[in-house]
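Report on the structure given below.
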Amino acid sequence: MSEPSEVLIESAKAVQEVSKTTSNAIDAAKQAGGFIAKFISGPLEQGMGIFEDKLRYMRWERQVRFMQRANEVLKEIGLTSPNKTIPLKIAIPLLQGASIEEDDSLQDRWVNLLVNAGNAGSHIEIHRSFIEVLSQINSLEAKILDVLYSLPFEKVRHQGIYTGDLPNSARLISDDERENLNNIKESLSEEVILALANLARVGCITGGLTWGGGESFNPVNVTVFGKAFVQACRIKST
């Protein structure tokens with residue numbers, strides 16, 4: 001009996017690789033499908049269907065990190081599983097956005113959005129607009145939001161937020177200081193100015209106008225929408 005030809009050997013190897021790839025794909029679909037099913041309160045088959053239709057071709061390693069972090073955050077707040085169903089019109093774009101986010105700090109905000117949406121105790125309603133905004137900001141803009149919305153602007157009388165020290169810090173402007181604001185040296189970089197402009201565009205802050213009609217971002221003010229968005233991207237400490 002003659003030895004198998006090289007063609008047959010290579011063909012067998014190819015069949016094995018295809019089988020291995022198919023098996024891995026099925027395992028990935030089951031893992032992702034089970035994760036999704038928990039948040040939409042649907043059967044595994046529905047979760048796998050969403051994965052196959054919407055998420056299959058996105059980066060699997062980013063999906064794995066997202067699922068791991070979501071499970072970790074659920075555990076941190078004392079939940080073994082979500083206790084609130086997320087509507088598909090929220091769940092699908094949220095999962096899509098999270099799966100393509102390459103920055104870990106931003107992906108953690110997607111995690112928080114998902115966990116808050118699936119936690120009845122958060123008392124946070126996740127709107128489509130939050131998902132759209134999160135998909136349109138970068139890590140610098142997210143950091144600036146954290147700085148701005150950490151100020152006690154609801155407890156102190158002020159005339160806006162001084163942004164000259166961003167992105168590292170910001171402070172509330174007193175009534176007296178507002179009159180002399182134009183005399184204060186600003187050190188805003190072009191990058192920070194563009195970040196503030198984008199945050200104003202998506203409704204998270206408001207700026208002002210110069211005498212010539214141009215945009216001004218010193219001072220700025222927070223917005224009702226911005227406050228709700230930032231809260232939705234945070235997990236309350238227990």
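As shown in the structure tokens, the chain order sets the letters A, B, ...; within each chain, residues go from 1, and ligands are also counted from 1 in the order they appear.
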Check your understanding: What lies within 12 Å of segment 165-171 of chain A using only C-alpha atoms, ignoring chain neighbours under 5 positions off, as an MDAnalysis selection string?
Key -> chainID A and resid 139:153 156 158:160 177 184:196 217:221
Selected residues, C-alpha atoms, written as a compact mmCIF listing (two decimals), in the first residue's frame, please.
```txt
# COMPACT_ATOMS: atom_id res chain seq x y z
CA SER A 139 -10.32 59.42 26.64
CA LEU A 140 -9.23 63.05 27.10
CA GLU A 141 -12.82 64.27 26.84
CA ALA A 142 -13.94 61.61 29.30
CA LYS A 143 -11.23 62.72 31.73
CA ILE A 144 -12.34 66.36 31.41
CA LEU A 145 -15.92 65.35 32.15
CA ASP A 146 -14.76 63.56 35.31
CA VAL A 147 -12.90 66.69 36.45
CA LEU A 148 -15.79 69.07 35.70
CA TYR A 149 -18.53 66.92 37.19
CA SER A 150 -16.54 66.26 40.37
CA LEU A 151 -16.81 69.94 41.36
CA PRO A 152 -19.40 70.94 44.00
CA PHE A 153 -21.25 73.17 41.53
CA VAL A 156 -21.56 76.62 45.91
CA HIS A 158 -20.44 80.38 41.26
CA GLN A 159 -20.10 82.08 37.90
CA GLY A 160 -19.02 79.11 35.87
CA GLU A 177 -13.23 86.61 39.97
CA ILE A 184 -6.27 85.63 34.02
CA LYS A 185 -3.68 83.96 31.85
CA GLU A 186 -5.08 80.92 30.10
CA SER A 187 -3.02 77.90 29.18
CA LEU A 188 -5.51 75.82 27.20
CA SER A 189 -3.87 73.66 24.58
CA GLU A 190 -5.41 73.21 21.16
CA GLU A 191 -6.20 69.63 22.14
CA VAL A 192 -8.16 70.72 25.22
CA ILE A 193 -10.00 73.43 23.27
CA LEU A 194 -11.10 70.85 20.68
CA ALA A 195 -12.13 68.49 23.49
CA LEU A 196 -14.27 71.19 25.12
CA PHE A 217 -14.58 77.82 26.67
CA ASN A 218 -13.42 79.74 29.69
CA PRO A 219 -15.59 79.63 31.66
CA VAL A 220 -17.91 76.72 30.89
CA ASN A 221 -20.96 75.36 32.65
```
**Study point:** Shell around segment 33-45 of chain A at 7 Å using only C-alpha atoms, local window under 5 positions removed, as a PyMOL selection string
**Key:** chain A and resi 51+81-82+85-88+118
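You will find atom CA of Met67 of chain A at 29.1 Å from atom CA of Asn198 of chain A.
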Review point. So which residues of segment 45-176 of chain A fall under strand (DSSP E or B) by DSSP, listed as a list in words?
Key: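 Strand (DSSP E or B) members of segment 45-176 of chain A, listed: Ile161, Tyr162, Arg171 and Leu172 of chain A.
Rounded to one decimal, atom CA of Ala70 of chain A and atom CA of Val111 of chain A lie 5.4 Å from each other.
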Exercise for review: May I have all residues of segment 87-151 of chain A that DSSP, computed from the backbone, assigns to alpha helix (DSSP H), given as number ranges by chain?
Suggested key: A: 88-99, 104-117, 128-134, 139-148
Practice item. Name the residues in contact with segment 133-136 of chain A at a cut-off of 10 Å, using only C-alpha atoms, excluding same-chain residues fewer than 4 positions from it; report them as a count of residues only. Key: 26
Exercise for review: Please measure the separation of atom CA of His123 of chain A and atom CA of Arg62 of chain A, giving the value in Å to one decimal.
Suggested key: 27.8 Å
Practice item. Name the closest residue to Val224 of chain A among the candidates A:Asp103, A:Lys89, A:Glu154, A:Ile173; distances are taken between atoms, counting only C-alpha atoms. Key: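 Result for the nearest residue to Val224 of chain A: A:Glu154.
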Study note, to complete from the structure: For Ile50 of chain A, the closest of A:Ile161, A:Asn138, A:Leu95, A:Ser216 counting only C-alpha atoms is A:Leu95
**Study point:** Exercise: Glu76 of chain A partners within 12 Å, only C-alpha atoms, chain neighbours under 2 positions left out, as a VMD selection string
**Key:** chain A and resid 69 to 74 78 to 81 112 115 235 to 238
